[in-house]
Amino acid sequence: MQSMNETPRASRFAIGLFGRRNAGKSSLINALAGQDVAVTSDVAGTTTDPVYKAMEILPIGPVVLIDTAGLDDTGELGRLRVEKTYEVLRKIDLALVVIDAEAGASEFEINFAAELVGRKIACVGVLNKCDRLSAGEDALNEAEKALKIPIVRASARTGEGIDELKKQIIASSAYDDAEPALVADLVRAGDIAVLVTPIDNAAPKGRLILPQQQTIRDIIENDAVAVITKEHELKLTLGRLAEPPAIVITDSQAFLKVSADTPPDVPLTSFSILFARRNADLAEMVRGVKRIEKLRPKDVVLIAEGCSHHRQADDIGKVKIPRWIRQIAGADIAFEWVSGAQFPGDLSQYAVIVHCGSCMLNRREMQFRLEKARASGVAITNSGVLIAYVQGILPRVLSPFPAALLELEQG
């Protein structure tokens, strides 16, 4: 269970470890973490799926280390493992290219490092198992010359070079603390933000869902005040405030009730729209929602959700969104669903993508999905934008975001 003081994985600096089988990636993760978190073995191909380990590296702060399967894996299962490994490239901030010092850098590592540079992913080479190598400096110089990226000599077994590797990770980190704001630019110190958080069967017992937690954290970190209420208590809550709040933020599924009870002069939006603005491109999501009215019979809509959760009887992705889209475009619209890290390589069969708020995905992953949609000429929108559009209140909930509102008005 996630507590309020834990940093969500999507907000952590992501470091992926890549290399051939038996290069020592899992052992290196254990050395960096200072504990056995990844299974290690001399048998090639021990790591099959990406393994995530959360830790802290100061001054970067919260990070997540991602262990991956060998990029030289073979066979049909090996091909699937390599595909999973390449999926990790979509979400990392820094790549560690792990090289077996005894084998040395080959064309494989050289080409992979060049691909990282081409994708503008910061990368560091790690010449691992250097305790087994006598001509260490020569091997280091050869690897640096071949890969054209910083290289660190290390031994996961003895701990040699691990501190130096951490220093190089810090020096090479391109972590951008100035990522787009969630809500910080919408409130000032001392402002009151009212958060409407319905509690239904989909909310884990004993805690708020992640978008609500992160929004609360962002508000209080900017010296504003967060007032939390459910939708049926909103009118009572607003009436007890000495002055109107700076903004009301609601779960999108309570839009109609909250819109009716919030005075017209009080800005209103949703958690989902806030995350669409931070992780994706809100103006593009607005453009995408208008494509739904132009759907034709047999068109296919992809519904993408960043998390995997137990489906409820009236599930938002499986039931409600298809119902709303069919009300607009007709009953002959087909639907497909993906969740978690899944995202189709070929988007050409889809007319529209409806994405969730992406609170479980980082900005890099969402930007990747946006670029794939653009390259395929497929419209993409967001569930919160869609709900507001269907319920006729999209102009109101976009009012805090002038660029997105202008996109809607220029239509």
# chains A, B, ... in the order shown; residues from 1 in each chain; ligands from 1
call {"tool": "residues_around", "arguments": {"residues": "segment 314-319 of chain A", "least_positions_apart": "5", "cutoff": "12 Å", "atoms": "only C-alpha atoms", "output": "PDB file with N, CA and C atoms, in the first residue's frame"}}
result
ATOM      1  N   ASP A 200     -15.495   5.382  -4.186  1.00  0.00           N
ATOM      2  CA  ASP A 200     -16.339   4.299  -4.686  1.00  0.00           C
ATOM      3  C   ASP A 200     -15.592   2.976  -4.570  1.00  0.00           C
ATOM      4  N   ASN A 201     -16.131   1.934  -5.162  1.00  0.00           N
ATOM      5  CA  ASN A 201     -15.542   0.607  -5.032  1.00  0.00           C
ATOM      6  C   ASN A 201     -14.179   0.491  -5.685  1.00  0.00           C
ATOM      7  N   ALA A 202     -13.871   1.408  -6.625  1.00  0.00           N
ATOM      8  CA  ALA A 202     -12.582   1.341  -7.308  1.00  0.00           C
ATOM      9  C   ALA A 202     -11.464   1.959  -6.484  1.00  0.00           C
ATOM     10  N   ASP A 251     -12.800  14.619  -9.458  1.00  0.00           N
ATOM     11  CA  ASP A 251     -12.756  13.405 -10.272  1.00  0.00           C
ATOM     12  C   ASP A 251     -13.702  13.628 -11.450  1.00  0.00           C
ATOM     13  N   SER A 252     -13.265  13.266 -12.647  1.00  0.00           N
ATOM     14  CA  SER A 252     -14.053  13.550 -13.852  1.00  0.00           C
ATOM     15  C   SER A 252     -15.430  12.917 -13.816  1.00  0.00           C
ATOM     16  N   GLN A 253     -15.571  11.784 -13.135  1.00  0.00           N
ATOM     17  CA  GLN A 253     -16.854  11.093 -13.132  1.00  0.00           C
ATOM     18  C   GLN A 253     -17.908  11.827 -12.298  1.00  0.00           C
ATOM     19  N   VAL A 301     -11.911   2.224 -31.889  1.00  0.00           N
ATOM     20  CA  VAL A 301     -11.380   3.145 -30.879  1.00  0.00           C
ATOM     21  C   VAL A 301     -10.536   2.342 -29.890  1.00  0.00           C
ATOM     22  N   LEU A 302      -9.324   2.818 -29.635  1.00  0.00           N
ATOM     23  CA  LEU A 302      -8.448   2.173 -28.650  1.00  0.00           C
ATOM     24  C   LEU A 302      -8.579   2.906 -27.318  1.00  0.00           C
ATOM     25  N   ILE A 303      -8.865   2.177 -26.261  1.00  0.00           N
ATOM     26  CA  ILE A 303      -8.914   2.748 -24.913  1.00  0.00           C
ATOM     27  C   ILE A 303      -7.680   2.269 -24.168  1.00  0.00           C
ATOM     28  N   ALA A 304      -6.810   3.198 -23.784  1.00  0.00           N
ATOM     29  CA  ALA A 304      -5.529   2.871 -23.150  1.00  0.00           C
ATOM     30  C   ALA A 304      -5.523   3.363 -21.715  1.00  0.00           C
ATOM     31  N   GLU A 305      -5.213   2.465 -20.785  1.00  0.00           N
ATOM     32  CA  GLU A 305      -5.138   2.808 -19.368  1.00  0.00           C
ATOM     33  C   GLU A 305      -3.750   2.461 -18.843  1.00  0.00           C
ATOM     34  N   GLY A 306      -3.159   3.386 -18.097  1.00  0.00           N
ATOM     35  CA  GLY A 306      -1.791   3.208 -17.621  1.00  0.00           C
ATOM     36  C   GLY A 306      -1.654   2.226 -16.478  1.00  0.00           C
ATOM     37  N   CYS A 307      -2.741   1.890 -15.823  1.00  0.00           N
ATOM     38  CA  CYS A 307      -2.679   0.934 -14.712  1.00  0.00           C
ATOM     39  C   CYS A 307      -3.551  -0.268 -15.032  1.00  0.00           C
ATOM     40  N   SER A 308      -3.283  -1.356 -14.343  1.00  0.00           N
ATOM     41  CA  SER A 308      -4.108  -2.561 -14.459  1.00  0.00           C
ATOM     42  C   SER A 308      -4.893  -2.708 -13.163  1.00  0.00           C
ATOM     43  N   HIS A 309      -6.217  -2.646 -13.243  1.00  0.00           N
ATOM     44  CA  HIS A 309      -7.022  -2.717 -12.037  1.00  0.00           C
ATOM     45  C   HIS A 309      -8.205  -3.658 -12.245  1.00  0.00           C
ATOM     46  N   TRP A 324     -20.621   6.281 -23.946  1.00  0.00           N
ATOM     47  CA  TRP A 324     -20.683   7.695 -24.334  1.00  0.00           C
ATOM     48  C   TRP A 324     -20.310   7.888 -25.802  1.00  0.00           C
ATOM     49  N   ILE A 325     -19.282   7.183 -26.243  1.00  0.00           N
ATOM     50  CA  ILE A 325     -18.849   7.336 -27.644  1.00  0.00           C
ATOM     51  C   ILE A 325     -19.934   6.839 -28.598  1.00  0.00           C
ATOM     52  N   ARG A 326     -20.581   5.730 -28.249  1.00  0.00           N
ATOM     53  CA  ARG A 326     -21.648   5.216 -29.108  1.00  0.00           C
ATOM     54  C   ARG A 326     -22.851   6.152 -29.118  1.00  0.00           C
ATOM     55  N   ALA A 334     -16.379  -0.025 -32.902  1.00  0.00           N
ATOM     56  CA  ALA A 334     -15.706  -1.144 -32.227  1.00  0.00           C
ATOM     57  C   ALA A 334     -14.659  -0.606 -31.253  1.00  0.00           C
ATOM     58  N   PHE A 335     -14.325  -1.400 -30.249  1.00  0.00           N
ATOM     59  CA  PHE A 335     -13.385  -0.959 -29.217  1.00  0.00           C
ATOM     60  C   PHE A 335     -12.344  -2.044 -28.944  1.00  0.00           C
ATOM     61  N   GLU A 336     -11.134  -1.578 -28.629  1.00  0.00           N
ATOM     62  CA  GLU A 336     -10.078  -2.455 -28.128  1.00  0.00           C
ATOM     63  C   GLU A 336      -9.483  -1.792 -26.893  1.00  0.00           C
ATOM     64  N   TRP A 337      -8.878  -2.615 -26.020  1.00  0.00           N
ATOM     65  CA  TRP A 337      -8.354  -2.096 -24.756  1.00  0.00           C
ATOM     66  C   TRP A 337      -6.918  -2.564 -24.534  1.00  0.00           C
ATOM     67  N   VAL A 338      -6.089  -1.669 -23.990  1.00  0.00           N
ATOM     68  CA  VAL A 338      -4.754  -2.042 -23.511  1.00  0.00           C
ATOM     69  C   VAL A 338      -4.575  -1.398 -22.138  1.00  0.00           C
ATOM     70  N   SER A 339      -3.690  -1.983 -21.328  1.00  0.00           N
ATOM     71  CA  SER A 339      -3.453  -1.426 -19.997  1.00  0.00           C
ATOM     72  C   SER A 339      -1.998  -1.606 -19.609  1.00  0.00           C
ATOM     73  N   ILE A 353      -7.741   7.333 -30.183  1.00  0.00           N
ATOM     74  CA  ILE A 353      -7.245   6.739 -28.938  1.00  0.00           C
ATOM     75  C   ILE A 353      -7.792   7.568 -27.786  1.00  0.00           C
ATOM     76  N   VAL A 354      -8.419   6.899 -26.817  1.00  0.00           N
ATOM     77  CA  VAL A 354      -8.849   7.562 -25.586  1.00  0.00           C
ATOM     78  C   VAL A 354      -7.928   7.078 -24.472  1.00  0.00           C
ATOM     79  N   HIS A 355      -7.100   7.970 -23.954  1.00  0.00           N
ATOM     80  CA  HIS A 355      -6.120   7.591 -22.941  1.00  0.00           C
ATOM     81  C   HIS A 355      -6.606   8.011 -21.560  1.00  0.00           C
ATOM     82  N   CYS A 356      -6.146   7.274 -20.562  1.00  0.00           N
ATOM     83  CA  CYS A 356      -6.474   7.647 -19.183  1.00  0.00           C
ATOM     84  C   CYS A 356      -5.678   8.892 -18.777  1.00  0.00           C
ATOM     85  N   GLY A 357      -5.777   9.274 -17.527  1.00  0.00           N
ATOM     86  CA  GLY A 357      -5.065  10.457 -17.051  1.00  0.00           C
ATOM     87  C   GLY A 357      -3.557  10.288 -16.955  1.00  0.00           C
ATOM     88  N   ASN A 382      -8.189  12.368 -24.023  1.00  0.00           N
ATOM     89  CA  ASN A 382      -8.022  11.975 -22.632  1.00  0.00           C
ATOM     90  C   ASN A 382      -9.401  11.722 -22.029  1.00  0.00           C
ATOM     91  N   SER A 383      -9.491  10.786 -21.104  1.00  0.00           N
ATOM     92  CA  SER A 383     -10.798  10.428 -20.559  1.00  0.00           C
ATOM     93  C   SER A 383     -11.501  11.615 -19.897  1.00  0.00           C
ATOM     94  N   GLY A 384     -10.745  12.451 -19.150  1.00  0.00           N
ATOM     95  CA  GLY A 384     -11.351  13.612 -18.512  1.00  0.00           C
ATOM     96  C   GLY A 384     -11.870  14.615 -19.527  1.00  0.00           C
ATOM     97  N   LEU A 386     -12.814  13.859 -22.571  1.00  0.00           N
ATOM     98  CA  LEU A 386     -13.977  13.224 -23.202  1.00  0.00           C
ATOM     99  C   LEU A 386     -15.232  13.361 -22.338  1.00  0.00           C
ATOM    100  N   ILE A 387     -15.108  13.105 -21.046  1.00  0.00           N
ATOM    101  CA  ILE A 387     -16.276  13.186 -20.165  1.00  0.00           C
ATOM    102  C   ILE A 387     -16.837  14.613 -20.148  1.00  0.00           C
TER     103      ILE A 387
END
call {"tool": "residues_around", "arguments": {"residues": "segment 363-379 of chain A", "least_positions_apart": "4", "cutoff": "8 Å", "atoms": "only C-alpha atoms", "output": "PyMOL selection string"}}
result
chain A and resi 10+90-92+278-280+287-289+291+343+347-348+350-353+358
call {"tool": "closest_residue", "arguments": {"among": "A:Ala276, A:Leu140, A:Ala404, A:Lys320", "to": "Ile380 of chain A", "atoms": "only C-alpha atoms"}}
result
A:Ala276
call {"tool": "select_by_dssp", "arguments": {"residues": "segment 108-313 of chain A", "states": "strand (DSSP E)", "output": "PyMOL selection string"}}
result
chain A and resi 122-128+151-153+192-196+225-229+247-250+268-270+300-305
call {"tool": "select_by_dssp", "arguments": {"residues": "segment 148-184 of chain A", "states": "helix (DSSP H, G or I)", "output": "JSON, numbers by chain"}}
result
{"A": [162, 163, 164, 165, 166, 167, 168, 169, 170, 171, 172, 184]}
call {"tool": "write_last_selection", "arguments": {"atoms": "C-alpha atoms", "output": "short mmCIF file (atom, residue, chain, number, x, y, z; two decimals), in the first residue's frame"}}
result
data_model
loop_
_atom_site.label_atom_id
_atom_site.label_comp_id
_atom_site.auth_asym_id
_atom_site.auth_seq_id
_atom_site.Cartn_x
_atom_site.Cartn_y
_atom_site.Cartn_z
CA ILE A 162 30.36 1.56 -7.30
CA ASP A 163 30.83 4.94 -5.60
CA GLU A 164 32.44 6.28 -8.78
CA LEU A 165 29.51 4.94 -10.78
CA LYS A 166 27.06 6.77 -8.51
CA LYS A 167 29.04 9.97 -9.04
CA GLN A 168 28.87 9.48 -12.80
CA ILE A 169 25.13 8.83 -12.61
CA ILE A 170 24.72 12.13 -10.77
CA ALA A 171 26.97 13.96 -13.25
CA SER A 172 25.13 12.49 -16.23
CA ALA A 184 1.41 24.79 -8.68
#
call {"tool": "closest_residue", "arguments": {"among": "A:Ile393, A:Glu221, A:Phe13, A:Gln349", "to": "Lys257 of chain A", "atoms": "only C-alpha atoms"}}
result
A:Ile393
call {"tool": "decode", "arguments": {"residues": "segment 106-154 of chain A", "atoms": "N, CA and C atoms", "output": "compact mmCIF listing (two decimals), in the first residue's frame"}}
result
# COMPACT_ATOMS: atom_id res chain seq x y z
N SER A 106 31.74 -4.79 -27.84
CA SER A 106 31.61 -5.31 -29.20
C SER A 106 30.75 -4.38 -30.03
N GLU A 107 30.51 -4.76 -31.28
CA GLU A 107 29.64 -3.98 -32.14
C GLU A 107 28.24 -3.85 -31.53
N PHE A 108 27.88 -4.86 -30.74
CA PHE A 108 26.56 -4.85 -30.11
C PHE A 108 26.42 -3.64 -29.19
N GLU A 109 27.37 -3.47 -28.26
CA GLU A 109 27.31 -2.33 -27.33
C GLU A 109 27.50 -1.01 -28.06
N ILE A 110 28.37 -1.02 -29.07
CA ILE A 110 28.63 0.21 -29.84
C ILE A 110 27.35 0.69 -30.52
N ASN A 111 26.64 -0.24 -31.15
CA ASN A 111 25.41 0.13 -31.86
C ASN A 111 24.31 0.55 -30.88
N PHE A 112 24.24 -0.13 -29.73
CA PHE A 112 23.21 0.22 -28.75
C PHE A 112 23.47 1.61 -28.16
N ALA A 113 24.73 1.91 -27.85
CA ALA A 113 25.07 3.24 -27.33
C ALA A 113 24.73 4.31 -28.36
N ALA A 114 24.97 4.02 -29.63
CA ALA A 114 24.65 4.99 -30.69
C ALA A 114 23.14 5.21 -30.77
N GLU A 115 22.37 4.13 -30.55
CA GLU A 115 20.91 4.27 -30.56
C GLU A 115 20.44 5.15 -29.40
N LEU A 116 21.04 4.98 -28.22
CA LEU A 116 20.68 5.80 -27.08
C LEU A 116 20.96 7.28 -27.36
N VAL A 117 22.13 7.54 -27.92
CA VAL A 117 22.51 8.92 -28.25
C VAL A 117 21.52 9.48 -29.27
N GLY A 118 21.15 8.66 -30.26
CA GLY A 118 20.19 9.10 -31.27
C GLY A 118 18.83 9.42 -30.69
N ARG A 119 18.44 8.70 -29.64
CA ARG A 119 17.16 8.94 -28.98
C ARG A 119 17.25 10.05 -27.93
N LYS A 120 18.41 10.62 -27.78
CA LYS A 120 18.68 11.69 -26.81
C LYS A 120 18.44 11.21 -25.38
N ILE A 121 18.85 9.96 -25.11
CA ILE A 121 18.78 9.40 -23.76
C ILE A 121 20.19 9.46 -23.17
N ALA A 122 20.32 10.13 -22.03
CA ALA A 122 21.62 10.19 -21.36
C ALA A 122 22.09 8.77 -21.04
N CYS A 123 23.40 8.49 -21.22
CA CYS A 123 23.88 7.13 -21.01
C CYS A 123 25.30 7.11 -20.46
N VAL A 124 25.58 6.07 -19.68
CA VAL A 124 26.90 5.84 -19.09
C VAL A 124 27.23 4.37 -19.30
N GLY A 125 28.47 4.08 -19.70
CA GLY A 125 28.92 2.71 -19.83
C GLY A 125 29.51 2.21 -18.52
N VAL A 126 29.29 0.94 -18.22
CA VAL A 126 29.85 0.33 -17.02
C VAL A 126 30.66 -0.90 -17.43
N LEU A 127 31.98 -0.84 -17.27
CA LEU A 127 32.85 -1.98 -17.55
C LEU A 127 32.86 -2.84 -16.30
N ASN A 128 31.93 -3.80 -16.25
CA ASN A 128 31.71 -4.61 -15.05
C ASN A 128 32.67 -5.81 -15.01
N LYS A 129 32.82 -6.41 -13.84
CA LYS A 129 33.71 -7.55 -13.60
C LYS A 129 35.18 -7.18 -13.81
N CYS A 130 35.49 -5.91 -13.52
CA CYS A 130 36.86 -5.46 -13.76
C CYS A 130 37.85 -6.12 -12.80
N ASP A 131 37.36 -6.74 -11.72
CA ASP A 131 38.26 -7.45 -10.81
C ASP A 131 38.88 -8.68 -11.46
N ARG A 132 38.31 -9.13 -12.57
CA ARG A 132 38.84 -10.29 -13.28
C ARG A 132 39.78 -9.90 -14.40
N LEU A 133 40.02 -8.60 -14.53
CA LEU A 133 40.77 -8.09 -15.68
C LEU A 133 42.07 -7.47 -15.21
N SER A 134 43.17 -7.82 -15.84
CA SER A 134 44.47 -7.26 -15.45
C SER A 134 44.73 -5.93 -16.15
N ALA A 135 44.45 -5.86 -17.42
CA ALA A 135 44.74 -4.63 -18.19
C ALA A 135 43.52 -3.71 -18.13
N GLY A 136 43.19 -3.24 -16.92
CA GLY A 136 41.97 -2.48 -16.72
C GLY A 136 41.91 -1.17 -17.47
N GLU A 137 42.96 -0.35 -17.38
CA GLU A 137 42.94 0.97 -18.00
C GLU A 137 42.87 0.87 -19.52
N ASP A 138 43.58 -0.09 -20.08
CA ASP A 138 43.53 -0.26 -21.54
C ASP A 138 42.12 -0.60 -21.99
N ALA A 139 41.48 -1.50 -21.26
CA ALA A 139 40.11 -1.89 -21.62
C ALA A 139 39.16 -0.71 -21.48
N LEU A 140 39.38 0.09 -20.42
CA LEU A 140 38.53 1.26 -20.20
C LEU A 140 38.68 2.25 -21.35
N ASN A 141 39.92 2.53 -21.73
CA ASN A 141 40.17 3.48 -22.82
C ASN A 141 39.60 2.98 -24.14
N GLU A 142 39.74 1.68 -24.38
CA GLU A 142 39.20 1.11 -25.62
C GLU A 142 37.67 1.22 -25.64
N ALA A 143 37.03 0.95 -24.49
CA ALA A 143 35.57 1.02 -24.43
C ALA A 143 35.08 2.45 -24.63
N GLU A 144 35.74 3.41 -23.99
CA GLU A 144 35.34 4.82 -24.15
C GLU A 144 35.49 5.27 -25.59
N LYS A 145 36.57 4.85 -26.21
CA LYS A 145 36.82 5.24 -27.60
C LYS A 145 35.78 4.62 -28.53
N ALA A 146 35.40 3.38 -28.25
CA ALA A 146 34.46 2.68 -29.12
C ALA A 146 33.03 3.18 -28.95
N LEU A 147 32.59 3.34 -27.70
CA LEU A 147 31.19 3.69 -27.43
C LEU A 147 30.94 5.19 -27.47
N LYS A 148 31.98 5.98 -27.23
CA LYS A 148 31.88 7.45 -27.27
C LYS A 148 30.92 7.98 -26.20
N ILE A 149 30.90 7.30 -25.05
CA ILE A 149 30.13 7.76 -23.89
C ILE A 149 31.00 7.58 -22.66
N PRO A 150 30.71 8.24 -21.54
CA PRO A 150 31.51 8.05 -20.32
C PRO A 150 31.47 6.58 -19.88
N ILE A 151 32.62 6.06 -19.46
CA ILE A 151 32.72 4.66 -19.01
C ILE A 151 33.30 4.63 -17.60
N VAL A 152 32.74 3.77 -16.77
CA VAL A 152 33.23 3.58 -15.40
C VAL A 152 33.64 2.12 -15.21
N ARG A 153 34.83 1.90 -14.64
CA ARG A 153 35.25 0.54 -14.28
C ARG A 153 34.59 0.18 -12.96
N ALA A 154 34.04 -1.03 -12.88
CA ALA A 154 33.36 -1.42 -11.64
C ALA A 154 33.39 -2.93 -11.48
